[in-house]
$ cat work.cif   # mmCIF, C-alpha atoms, pLDDT in the B column; chains and numbers go by the auth columns
data_structure
#
loop_
_atom_site.group_PDB
_atom_site.id
_atom_site.type_symbol
_atom_site.label_atom_id
_atom_site.label_comp_id
_atom_site.label_asym_id
_atom_site.label_seq_id
_atom_site.Cartn_x
_atom_site.Cartn_y
_atom_site.Cartn_z
_atom_site.B_iso_or_equiv
_atom_site.auth_seq_id
_atom_site.auth_asym_id
ATOM 1 C CA MET A 1 -47.162 31.621 -57.240 48.00 27 D
ATOM 2 C CA LYS A 2 -45.896 33.786 -54.396 47.00 28 D
ATOM 3 C CA LYS A 3 -48.225 31.972 -52.028 48.00 29 D
ATOM 4 C CA LEU A 4 -46.832 28.593 -53.048 47.00 30 D
ATOM 5 C CA ILE A 5 -43.262 29.798 -52.555 45.00 31 D
ATOM 6 C CA ILE A 6 -44.092 31.073 -49.082 44.00 32 D
ATOM 7 C CA LEU A 7 -45.788 27.789 -48.171 44.00 33 D
ATOM 8 C CA PHE A 8 -42.806 25.835 -49.509 42.00 34 D
ATOM 9 C CA PHE A 9 -40.445 28.017 -47.498 44.00 35 D
ATOM 10 C CA ILE A 10 -42.468 27.538 -44.316 42.00 36 D
ATOM 11 C CA GLY A 11 -42.582 23.795 -44.924 46.00 37 D
ATOM 12 C CA SER A 12 -38.827 23.639 -45.399 47.00 38 D
ATOM 13 C CA VAL A 13 -38.208 25.490 -42.161 47.00 39 D
ATOM 14 C CA GLY A 14 -40.522 23.093 -40.345 50.00 40 D
ATOM 15 C CA LEU A 15 -38.677 20.114 -41.817 44.00 41 D
ATOM 16 C CA MET A 16 -35.327 21.543 -40.788 47.00 42 D
ATOM 17 C CA ALA A 17 -36.627 22.146 -37.283 49.00 43 D
ATOM 18 C CA CYS A 18 -37.765 18.548 -37.042 47.00 44 D
ATOM 19 C CA LYS A 19 -34.351 17.333 -38.149 51.00 45 D
ATOM 20 C CA ARG A 20 -32.645 19.523 -35.561 52.00 46 D
ATOM 21 C CA ASN A 21 -34.924 18.240 -32.831 55.00 47 D
ATOM 22 C CA GLY A 22 -34.286 14.687 -33.921 55.00 48 D
ATOM 23 C CA SER A 23 -30.514 15.216 -33.813 56.00 49 D
ATOM 24 C CA ALA A 24 -30.755 16.656 -30.327 55.00 50 D
ATOM 25 C CA THR A 25 -32.818 13.698 -29.195 61.00 51 D
ATOM 26 C CA ASN A 26 -30.390 11.208 -30.726 65.00 52 D
ATOM 27 C CA GLY A 27 -27.468 13.046 -29.110 64.00 53 D
ATOM 28 C CA SER A 28 -29.156 12.841 -25.742 70.00 54 D
ATOM 29 C CA ILE A 29 -29.832 9.122 -26.213 72.00 55 D
ATOM 30 C CA ASP A 30 -26.207 8.507 -27.270 82.00 56 D
ATOM 31 C CA SER A 31 -24.954 10.425 -24.236 83.00 57 D
ATOM 32 C CA ASN A 32 -27.214 8.500 -21.865 86.00 58 D
ATOM 33 C CA LEU A 33 -26.184 5.199 -23.416 87.00 59 D
ATOM 34 C CA ALA A 34 -22.477 6.045 -23.109 86.00 60 D
ATOM 35 C CA ASP A 35 -22.988 7.067 -19.493 87.00 61 D
ATOM 36 C CA GLN A 36 -24.798 3.813 -18.746 90.00 62 D
ATOM 37 C CA ILE A 37 -22.020 1.766 -20.374 91.00 63 D
ATOM 38 C CA ARG A 38 -19.408 3.692 -18.363 89.00 64 D
ATOM 39 C CA LYS A 39 -21.275 2.981 -15.101 90.00 65 D
ATOM 40 C CA GLU A 40 -21.502 -0.705 -15.988 92.00 66 D
ATOM 41 C CA ARG A 41 -17.737 -0.810 -16.651 93.00 67 D
ATOM 42 C CA ILE A 42 -17.071 0.834 -13.274 92.00 68 D
ATOM 43 C CA ALA A 43 -19.342 -1.652 -11.484 93.00 69 D
ATOM 44 C CA HIS A 44 -17.696 -4.554 -13.351 95.00 70 D
ATOM 45 C CA ASN A 45 -14.178 -3.441 -12.417 93.00 71 D
ATOM 46 C CA LYS A 46 -15.174 -2.876 -8.791 94.00 72 D
ATOM 47 C CA LYS A 47 -16.453 -6.448 -8.713 94.00 73 D
ATOM 48 C CA ILE A 48 -13.165 -7.700 -10.194 96.00 74 D
ATOM 49 C CA TYR A 49 -11.215 -5.642 -7.647 94.00 75 D
ATOM 50 C CA ASP A 50 -13.195 -7.102 -4.720 95.00 76 D
ATOM 51 C CA MET A 51 -12.655 -10.639 -6.028 95.00 77 D
ATOM 52 C CA ALA A 52 -8.913 -10.014 -6.446 94.00 78 D
ATOM 53 C CA VAL A 53 -8.648 -8.636 -2.898 91.00 79 D
ATOM 54 C CA LYS A 54 -10.121 -11.875 -1.506 92.00 80 D
ATOM 55 C CA VAL A 55 -7.431 -13.983 -3.187 91.00 81 D
ATOM 56 C CA HIS A 56 -4.599 -11.444 -2.656 87.00 82 D
ATOM 57 C CA ASP A 57 -4.073 -10.985 -6.408 92.00 83 D
ATOM 58 C CA ASN A 58 -2.210 -7.676 -6.406 91.00 84 D
ATOM 59 C CA TYR A 59 -1.764 -7.366 -10.161 92.00 85 D
ATOM 60 C CA THR A 60 -5.456 -7.824 -10.940 95.00 86 D
ATOM 61 C CA GLN A 61 -6.265 -5.284 -8.231 95.00 87 D
ATOM 62 C CA LEU A 62 -3.954 -2.765 -9.922 94.00 88 D
ATOM 63 C CA ASN A 63 -5.505 -3.349 -13.342 94.00 89 D
ATOM 64 C CA ALA A 64 -9.050 -2.975 -11.977 94.00 90 D
ATOM 65 C CA LEU A 65 -8.217 0.237 -10.095 93.00 91 D
ATOM 66 C CA TYR A 66 -6.625 1.854 -13.154 94.00 92 D
ATOM 67 C CA ASN A 67 -9.691 0.913 -15.229 94.00 93 D
ATOM 68 C CA ILE A 68 -11.961 2.466 -12.593 92.00 94 D
ATOM 69 C CA MET A 69 -9.884 5.659 -12.575 92.00 95 D
ATOM 70 C CA ALA A 70 -10.087 5.859 -16.369 92.00 96 D
ATOM 71 C CA ASP A 71 -13.895 5.924 -16.137 90.00 97 D
ATOM 72 C CA ASP A 72 -14.411 7.785 -12.854 87.00 98 D
ATOM 73 C CA SER A 73 -12.149 10.501 -11.451 83.00 99 D
ATOM 74 C CA SER A 74 -14.412 11.299 -8.485 83.00 100 D
ATOM 75 C CA GLU A 75 -12.499 8.984 -6.137 83.00 101 D
ATOM 76 C CA ASN A 76 -9.023 9.325 -7.635 83.00 102 D
ATOM 77 C CA LEU A 77 -7.300 10.096 -4.337 82.00 103 D
ATOM 78 C CA LYS A 78 -8.784 7.039 -2.675 86.00 104 D
ATOM 79 C CA ASN A 79 -7.904 4.784 -5.617 88.00 105 D
ATOM 80 C CA MET A 80 -4.392 6.236 -5.961 89.00 106 D
ATOM 81 C CA ASP A 81 -3.935 5.592 -2.251 88.00 107 D
ATOM 82 C CA SER A 82 -4.781 1.905 -2.794 90.00 108 D
ATOM 83 C CA ILE A 83 -2.528 1.695 -5.870 91.00 109 D
ATOM 84 C CA ALA A 84 0.426 3.117 -3.940 88.00 110 D
ATOM 85 C CA GLU A 85 -0.024 0.519 -1.191 86.00 111 D
ATOM 86 C CA ILE A 86 -0.203 -2.309 -3.724 89.00 112 D
ATOM 87 C CA TYR A 87 2.969 -1.116 -5.452 88.00 113 D
ATOM 88 C CA LEU A 88 4.755 -1.258 -2.108 79.00 114 D
ATOM 89 C CA ARG A 89 3.443 -4.777 -1.404 81.00 115 D
ATOM 90 C CA ILE A 90 4.857 -6.089 -4.691 83.00 116 D
ATOM 91 C CA ASN A 91 8.217 -4.365 -4.128 78.00 117 D
ATOM 92 C CA MET A 92 7.711 -1.685 -6.770 84.00 118 D
ATOM 93 C CA GLY A 93 9.187 0.976 -4.498 77.00 119 D
ATOM 94 C CA MET A 94 9.764 3.603 -7.173 82.00 120 D
ATOM 95 C CA ALA A 95 6.189 3.369 -8.463 87.00 121 D
ATOM 96 C CA ALA A 96 4.857 3.524 -4.880 85.00 122 D
ATOM 97 C CA LEU A 97 7.001 6.563 -4.160 84.00 123 D
ATOM 98 C CA LYS A 98 5.860 8.375 -7.315 87.00 124 D
ATOM 99 C CA MET A 99 2.199 7.658 -6.605 89.00 125 D
ATOM 100 C CA SER A 100 2.495 8.815 -2.991 88.00 126 D
ATOM 101 C CA GLU A 101 4.129 12.049 -4.154 89.00 127 D
ATOM 102 C CA LYS A 102 1.224 12.691 -6.556 89.00 128 D
ATOM 103 C CA ILE A 103 -1.256 12.260 -3.713 90.00 129 D
ATOM 104 C CA LEU A 104 0.749 14.469 -1.346 91.00 130 D
ATOM 105 C CA VAL A 105 0.634 17.332 -3.861 91.00 131 D
ATOM 106 C CA LYS A 106 -3.156 17.380 -3.408 88.00 132 D
ATOM 107 C CA ASP A 107 -3.223 16.218 0.214 90.00 133 D
ATOM 108 C CA PRO A 108 0.075 17.211 1.943 92.00 134 D
ATOM 109 C CA GLU A 109 -0.999 15.959 5.390 91.00 135 D
ATOM 110 C CA ASN A 110 -2.082 12.495 4.239 91.00 136 D
ATOM 111 C CA GLU A 111 -0.571 10.366 7.028 92.00 137 D
ATOM 112 C CA LYS A 112 -0.699 7.067 5.167 89.00 138 D
ATOM 113 C CA MET A 113 1.005 8.520 2.093 91.00 139 D
ATOM 114 C CA LEU A 114 3.679 10.216 4.191 93.00 140 D
ATOM 115 C CA GLU A 115 4.449 6.869 5.795 90.00 141 D
ATOM 116 C CA LEU A 116 4.480 5.219 2.376 86.00 142 D
ATOM 117 C CA LYS A 117 6.779 7.908 1.018 89.00 143 D
ATOM 118 C CA ALA A 118 9.144 7.217 3.893 91.00 144 D
ATOM 119 C CA GLU A 119 9.156 3.501 3.035 85.00 145 D
ATOM 120 C CA GLY A 120 9.730 4.294 -0.628 81.00 146 D
ATOM 121 C CA SER A 121 12.574 6.622 0.328 85.00 147 D
ATOM 122 C CA VAL A 122 14.313 3.776 2.175 84.00 148 D
ATOM 123 C CA GLY A 123 14.087 1.698 -0.999 77.00 149 D
ATOM 124 C CA GLN A 124 15.777 4.527 -2.877 80.00 150 D
ATOM 125 C CA GLY A 125 18.552 4.830 -0.300 85.00 151 D
ATOM 126 C CA LYS A 126 17.202 8.131 1.048 88.00 152 D
ATOM 127 C CA ASP A 127 17.523 7.172 4.715 92.00 153 D
ATOM 128 C CA ALA A 128 17.702 10.748 6.015 94.00 154 D
ATOM 129 C CA GLU A 129 14.423 11.650 4.309 94.00 155 D
ATOM 130 C CA ALA A 130 12.745 8.510 5.667 94.00 156 D
ATOM 131 C CA LEU A 131 13.931 9.251 9.202 96.00 157 D
ATOM 132 C CA ASN A 132 12.778 12.858 8.954 96.00 158 D
ATOM 133 C CA ILE A 133 9.277 11.906 7.798 96.00 159 D
ATOM 134 C CA ASN A 134 8.857 9.223 10.485 96.00 160 D
ATOM 135 C CA ARG A 135 10.083 11.533 13.229 96.00 161 D
ATOM 136 C CA LYS A 136 7.598 14.201 12.202 96.00 162 D
ATOM 137 C CA LEU A 137 4.802 11.623 12.071 96.00 163 D
ATOM 138 C CA TYR A 138 5.692 10.370 15.536 96.00 164 D
ATOM 139 C CA GLU A 139 5.785 13.896 16.972 95.00 165 D
ATOM 140 C CA LYS A 140 2.396 14.588 15.439 95.00 166 D
ATOM 141 C CA THR A 141 0.624 11.312 16.315 94.00 167 D
ATOM 142 C CA LYS A 142 2.693 9.664 19.088 94.00 168 D
ATOM 143 C CA LYS A 143 2.030 6.327 17.373 94.00 169 D
ATOM 144 C CA ILE A 144 4.592 3.727 18.358 95.00 170 D
ATOM 145 C CA LYS A 145 4.700 2.305 14.826 95.00 171 D
ATOM 146 C CA TYR A 146 6.690 5.320 13.675 96.00 172 D
ATOM 147 C CA LEU A 147 9.365 4.556 16.262 96.00 173 D
ATOM 148 C CA PHE A 148 9.532 1.031 14.835 96.00 174 D
ATOM 149 C CA ASN A 149 9.857 2.540 11.349 95.00 175 D
ATOM 150 C CA ILE A 150 12.745 4.695 12.580 96.00 176 D
ATOM 151 C CA ALA A 151 14.363 1.629 14.148 96.00 177 D
ATOM 152 C CA ASN A 152 14.026 -0.299 10.862 94.00 178 D
ATOM 153 C CA VAL A 153 15.813 2.456 8.950 95.00 179 D
ATOM 154 C CA GLN A 154 18.592 2.559 11.543 95.00 180 D
ATOM 155 C CA LEU A 155 18.946 -1.233 11.423 94.00 181 D
ATOM 156 C CA GLU A 156 19.182 -1.177 7.618 90.00 182 D
ATOM 157 C CA ALA A 157 21.865 1.514 7.883 90.00 183 D
ATOM 158 C CA ASN A 158 23.675 -0.490 10.613 90.00 184 D
ATOM 159 C CA ASN A 159 23.446 2.575 12.874 93.00 185 D
ATOM 160 C CA MET A 160 23.525 0.591 16.128 92.00 186 D
ATOM 161 C CA LYS A 161 24.133 3.512 18.486 91.00 187 D
ATOM 162 C CA ASP A 162 21.002 5.410 17.429 95.00 188 D
ATOM 163 C CA LEU A 163 19.108 2.127 17.086 96.00 189 D
ATOM 164 C CA ASP A 164 19.718 1.250 20.766 94.00 190 D
ATOM 165 C CA GLN A 165 18.298 4.623 21.798 96.00 191 D
ATOM 166 C CA THR A 166 15.227 4.135 19.607 96.00 192 D
ATOM 167 C CA LEU A 167 14.576 0.656 21.009 96.00 193 D
ATOM 168 C CA ASP A 168 14.825 2.008 24.565 96.00 194 D
ATOM 169 C CA HIS A 169 12.334 4.720 23.596 96.00 195 D
ATOM 170 C CA ILE A 170 9.928 2.094 22.259 96.00 196 D
ATOM 171 C CA LYS A 171 10.174 -0.100 25.362 96.00 197 D
ATOM 172 C CA THR A 172 9.439 2.830 27.672 95.00 198 D
ATOM 173 C CA SER A 173 6.485 4.094 25.620 93.00 199 D
ATOM 174 C CA PRO A 174 3.178 4.092 27.581 90.00 200 D
ATOM 175 C CA GLY A 175 1.287 1.771 25.209 88.00 201 D
ATOM 176 C CA TYR A 176 4.152 -0.614 24.438 95.00 202 D
ATOM 177 C CA GLN A 177 2.703 -3.703 26.158 93.00 203 D
ATOM 178 C CA LYS A 178 -0.726 -3.305 24.549 93.00 204 D
ATOM 179 C CA ASP A 179 0.064 -1.871 21.110 94.00 205 D
ATOM 180 C CA THR A 180 0.116 -3.895 17.904 95.00 206 D
ATOM 181 C CA ILE A 181 2.311 -3.239 14.872 93.00 207 D
ATOM 182 C CA GLU A 182 1.545 -4.094 11.241 91.00 208 D
ATOM 183 C CA VAL A 183 4.426 -6.234 10.009 92.00 209 D
ATOM 184 C CA ALA A 184 4.740 -7.128 6.326 87.00 210 D
ATOM 185 C CA ASP A 185 5.155 -10.795 5.498 88.00 211 D
ATOM 186 C CA ASN A 186 8.628 -10.795 3.951 85.00 212 D
ATOM 187 C CA GLN A 187 7.472 -13.094 1.127 83.00 213 D
ATOM 188 C CA SER A 188 3.924 -12.087 0.206 79.00 214 D
ATOM 189 C CA GLY A 189 3.985 -8.486 1.465 75.00 215 D
ATOM 190 C CA ARG A 190 0.710 -9.013 3.320 81.00 216 D
ATOM 191 C CA LEU A 191 0.367 -7.152 6.594 86.00 217 D
ATOM 192 C CA GLN A 192 0.016 -8.988 9.890 94.00 218 D
ATOM 193 C CA LYS A 193 -0.895 -7.342 13.181 95.00 219 D
ATOM 194 C CA VAL A 194 1.753 -8.293 15.715 97.00 220 D
ATOM 195 C CA PRO A 195 1.938 -7.335 19.422 97.00 221 D
ATOM 196 C CA ALA A 196 4.636 -4.693 19.924 97.00 222 D
ATOM 197 C CA PRO A 197 6.727 -6.866 22.316 97.00 223 D
ATOM 198 C CA ALA A 198 6.787 -9.672 19.711 97.00 224 D
ATOM 199 C CA ALA A 199 7.799 -7.190 17.005 97.00 225 D
ATOM 200 C CA MET A 200 10.551 -5.958 19.341 97.00 226 D
ATOM 201 C CA ALA A 201 11.844 -9.500 19.900 97.00 227 D
ATOM 202 C CA TYR A 202 11.872 -10.064 16.134 97.00 228 D
ATOM 203 C CA MET A 203 13.794 -6.838 15.591 96.00 229 D
ATOM 204 C CA GLU A 204 16.334 -7.893 18.223 96.00 230 D
ATOM 205 C CA ALA A 205 16.632 -11.197 16.355 96.00 231 D
ATOM 206 C CA MET A 206 17.462 -9.257 13.197 95.00 232 D
ATOM 207 C CA ILE A 207 20.110 -7.356 15.156 95.00 233 D
ATOM 208 C CA GLY A 208 21.553 -10.744 16.144 94.00 234 D
ATOM 209 C CA TYR A 209 21.586 -11.713 12.461 93.00 235 D
ATOM 210 C CA GLN A 210 23.335 -8.434 11.612 91.00 236 D
ATOM 211 C CA LYS A 211 25.984 -9.242 14.203 91.00 237 D
ATOM 212 C CA LYS A 212 26.206 -12.843 12.905 92.00 238 D
ATOM 213 C CA ASP A 213 25.124 -14.100 16.328 94.00 239 D
ATOM 214 C CA ILE A 214 22.796 -16.907 15.229 92.00 240 D
ATOM 215 C CA LYS A 215 22.363 -18.213 18.759 93.00 241 D
ATOM 216 C CA GLU A 216 21.054 -14.837 19.952 95.00 242 D
ATOM 217 C CA MET A 217 18.919 -14.560 16.840 96.00 243 D
ATOM 218 C CA PHE A 218 17.327 -17.952 17.480 96.00 244 D
ATOM 219 C CA THR A 219 16.643 -17.095 21.135 96.00 245 D
ATOM 220 C CA LYS A 220 14.898 -13.850 20.197 97.00 246 D
ATOM 221 C CA LEU A 221 12.863 -15.541 17.476 97.00 247 D
ATOM 222 C CA LYS A 222 11.638 -18.128 19.965 97.00 248 D
ATOM 223 C CA GLN A 223 10.749 -15.280 22.305 97.00 249 D
ATOM 224 C CA ALA A 224 8.750 -13.571 19.545 97.00 250 D
ATOM 225 C CA VAL A 225 6.809 -16.766 18.813 98.00 251 D
ATOM 226 C CA ALA A 226 6.188 -17.362 22.529 98.00 252 D
ATOM 227 C CA ILE A 227 4.494 -13.950 22.666 97.00 253 D
ATOM 228 C CA PHE A 228 2.678 -14.370 19.349 97.00 254 D
ATOM 229 C CA PRO A 229 2.555 -17.985 18.075 97.00 255 D
ATOM 230 C CA ASP A 230 1.137 -17.001 14.650 96.00 256 D
ATOM 231 C CA PHE A 231 4.021 -14.651 13.824 97.00 257 D
ATOM 232 C CA ILE A 232 4.706 -15.610 10.192 96.00 258 D
ATOM 233 C CA ASN A 233 8.164 -14.072 9.713 96.00 259 D
ATOM 234 C CA ALA A 234 9.483 -15.350 13.049 97.00 260 D
ATOM 235 C CA ASN A 235 8.212 -18.908 12.457 97.00 261 D
ATOM 236 C CA ARG A 236 9.683 -18.924 8.958 96.00 262 D
ATOM 237 C CA ALA A 237 13.074 -17.748 10.263 95.00 263 D
ATOM 238 C CA ILE A 238 13.051 -20.418 13.003 96.00 264 D
ATOM 239 C CA GLN A 239 12.346 -23.106 10.410 95.00 265 D
ATOM 240 C CA ALA A 240 15.176 -21.817 8.210 94.00 266 D
ATOM 241 C CA ILE A 241 17.665 -21.941 11.109 93.00 267 D
ATOM 242 C CA MET A 242 16.573 -25.437 12.157 93.00 268 D
ATOM 243 C CA GLN A 243 16.870 -26.725 8.579 91.00 269 D
ATOM 244 C CA GLN A 244 20.335 -25.242 8.285 88.00 270 D
ATOM 245 C CA GLN A 245 21.384 -26.877 11.555 86.00 271 D
ATOM 246 C CA GLN A 246 20.034 -30.250 10.399 86.00 272 D
ATOM 247 C CA GLN A 247 21.941 -29.959 7.118 84.00 273 D
ATOM 248 C CA GLN A 248 25.150 -29.135 8.987 81.00 274 D
ATOM 249 C CA GLN A 249 24.634 -32.130 11.278 79.00 275 D
ATOM 250 C CA SER A 250 24.003 -34.411 8.285 78.00 276 D
ATOM 251 C CA GLN A 251 27.164 -33.197 6.571 76.00 277 D
ATOM 252 C CA GLY A 252 29.134 -33.703 9.789 69.00 278 D
ATOM 253 C CA LYS A 253 28.120 -37.375 9.970 65.00 279 D
ATOM 254 C CA ARG A 254 29.385 -38.113 6.472 62.00 280 D
#
$ encode --input "work.cif" --output "structure tokens"
Amino acid sequence: MKKLIILFFIGSVGLMACKRNGSATNGSIDSNLADQIRKERIAHNKKIYDMAVKVHDNYTQLNALYNIMADDSSENLKNMDSIAEIYLRINMGMAALKMSEKILVKDPENEKMLELKAEGSVGQGKDAEALNINRKLYEKTKKIKYLFNIANVQLEANNMKDLDQTLDHIKTSPGYQKDTIEVADNQSGRLQKVPAPAAMAYMEAMIGYQKKDIKEMFTKLKQAVAIFPDFINANRAIQAIMQQQQQQQSQGKR
């Protein structure tokens, strides 16, 4: 009887061991399956993101990037960088600012995010902070675009005295005639590379608008288009002025 009990005991232990091994195997299979599904989701959302980029669908891009981040944190900084830029394009300045600040906690010298934070600061009425960031970026990089950013802040603040000095600085910069500036389409938010002299003429047109000197504005816009015929914002502004003039002429004939 003792022998049977011992054999039964040994058999039970063997059975339990088999069950444990089976559970471990199933757990491994479940883990592998979950990992495979996660990778497929990431690949699917990357495909959606790429398709959305081609058609400039900002909202779908945002959704895809957040889905990717939920499944894969290995490239969070890169994806957060893209999200911050998209927020800025769709005029969600506060969201862009918050995202840039998150990135800067981990990467304080991130040039793109510092520039974005400056833009977000302008949207929040923090002109001094925006000017400070752009000045530091210019001192560090000597990129002319940061002088244009400074000029934009000064124009928004109607600070004409400092603005004149900044514009003189831009015009005397070594690379002024050859540099290009990324200018945001004021309707879609898409960036367009514009020769610096054309961007300068457009800025001077905006100064004319600020001073309610439409004639000067129109002259500078035509100058901008003469330098760069595909300048979206300048062409759109010219069309708007011409339409307004035609309407005024039509009303005058009645």
$ resolve_selection --input "work.cif" --expression "the PyMOL selection byres ((chain D and resi 163-169) around 12)" --output "MDAnalysis selection string"
chainID D and resid 135:144 156:162 170:176 195:196 199:202 205:207 222
$ atom_distance --input "work.cif" --atom1 "atom CA of D:Met125" --atom2 "atom CA of D:Ile109"
7.6 Å
$ residues_around --input "work.cif" --residues "D:Phe244" --least-positions-apart "4" --cutoff "7 Å" --atoms "all atoms listed in the file" --output "PyMOL selection string"
chain D and resi 231+240+248+264
$ atom_distance --input "work.cif" --atom1 "atom CA of D:Ile116" --atom2 "atom CA of D:Met229"
22.2 Å
$ resolve_selection --input "work.cif" --expression "the PyMOL selection byres ((chain D and resi 77-91) around 12)" --output "JSON, numbers by chain"
{"D": [67, 68, 69, 70, 71, 72, 73, 74, 75, 76, 92, 93, 94, 95, 96, 97, 98, 99, 101, 102, 103, 104, 105, 106, 107, 108, 109, 110, 111, 112, 113, 114, 115, 116, 117, 118, 121, 122, 214, 215, 216, 217]}
$ atom_distance --input "work.cif" --atom1 "atom CA of D:Gln275" --atom2 "atom CA of D:Asp239"
18.7 Å
$ closest_residue --input "work.cif" --among "D:Gln269, D:Met186, D:Ile55, D:Gly146" --to "D:Glu127" --atoms "only C-alpha atoms"
D:Gly146
$ residues_around --input "work.cif" --residues "D:Ala154" --least-positions-apart "6" --cutoff "10 Å" --atoms "all atoms listed in the file" --output "ChimeraX atom specification"
/D:144,147-148,179-180
$ resolve_selection --input "work.cif" --expression "the PyMOL selection byres ((chain D and resi 241) around 12)" --output "VMD selection string"
chain D and resid 230 to 235 237 to 240 242 to 248 264 267 to 268 271
$ closest_residue --input "work.cif" --among "D:Asn212, D:Ser100, D:Gln62, D:Asn185" --to "D:Ala263" --atoms "all atoms listed in the file"
D:Asn212
$ residues_around --input "work.cif" --residues "stretch 252-255 of chain D" --least-positions-apart "3" --cutoff "8 Å" --atoms "only C-alpha atoms" --output "mmCIF file with C-alpha atoms, in the frame of the given file"
data_model
loop_
_atom_site.group_PDB
_atom_site.id
_atom_site.type_symbol
_atom_site.label_atom_id
_atom_site.label_comp_id
_atom_site.auth_asym_id
_atom_site.auth_seq_id
_atom_site.Cartn_x
_atom_site.Cartn_y
_atom_site.Cartn_z
ATOM 1 C CA VAL D 220 1.753 -8.293 15.715
ATOM 2 C CA PRO D 221 1.938 -7.335 19.422
ATOM 3 C CA PRO D 223 6.727 -6.866 22.316
ATOM 4 C CA ALA D 224 6.787 -9.672 19.711
ATOM 5 C CA LYS D 248 11.638 -18.128 19.965
ATOM 6 C CA GLN D 249 10.749 -15.280 22.305
#
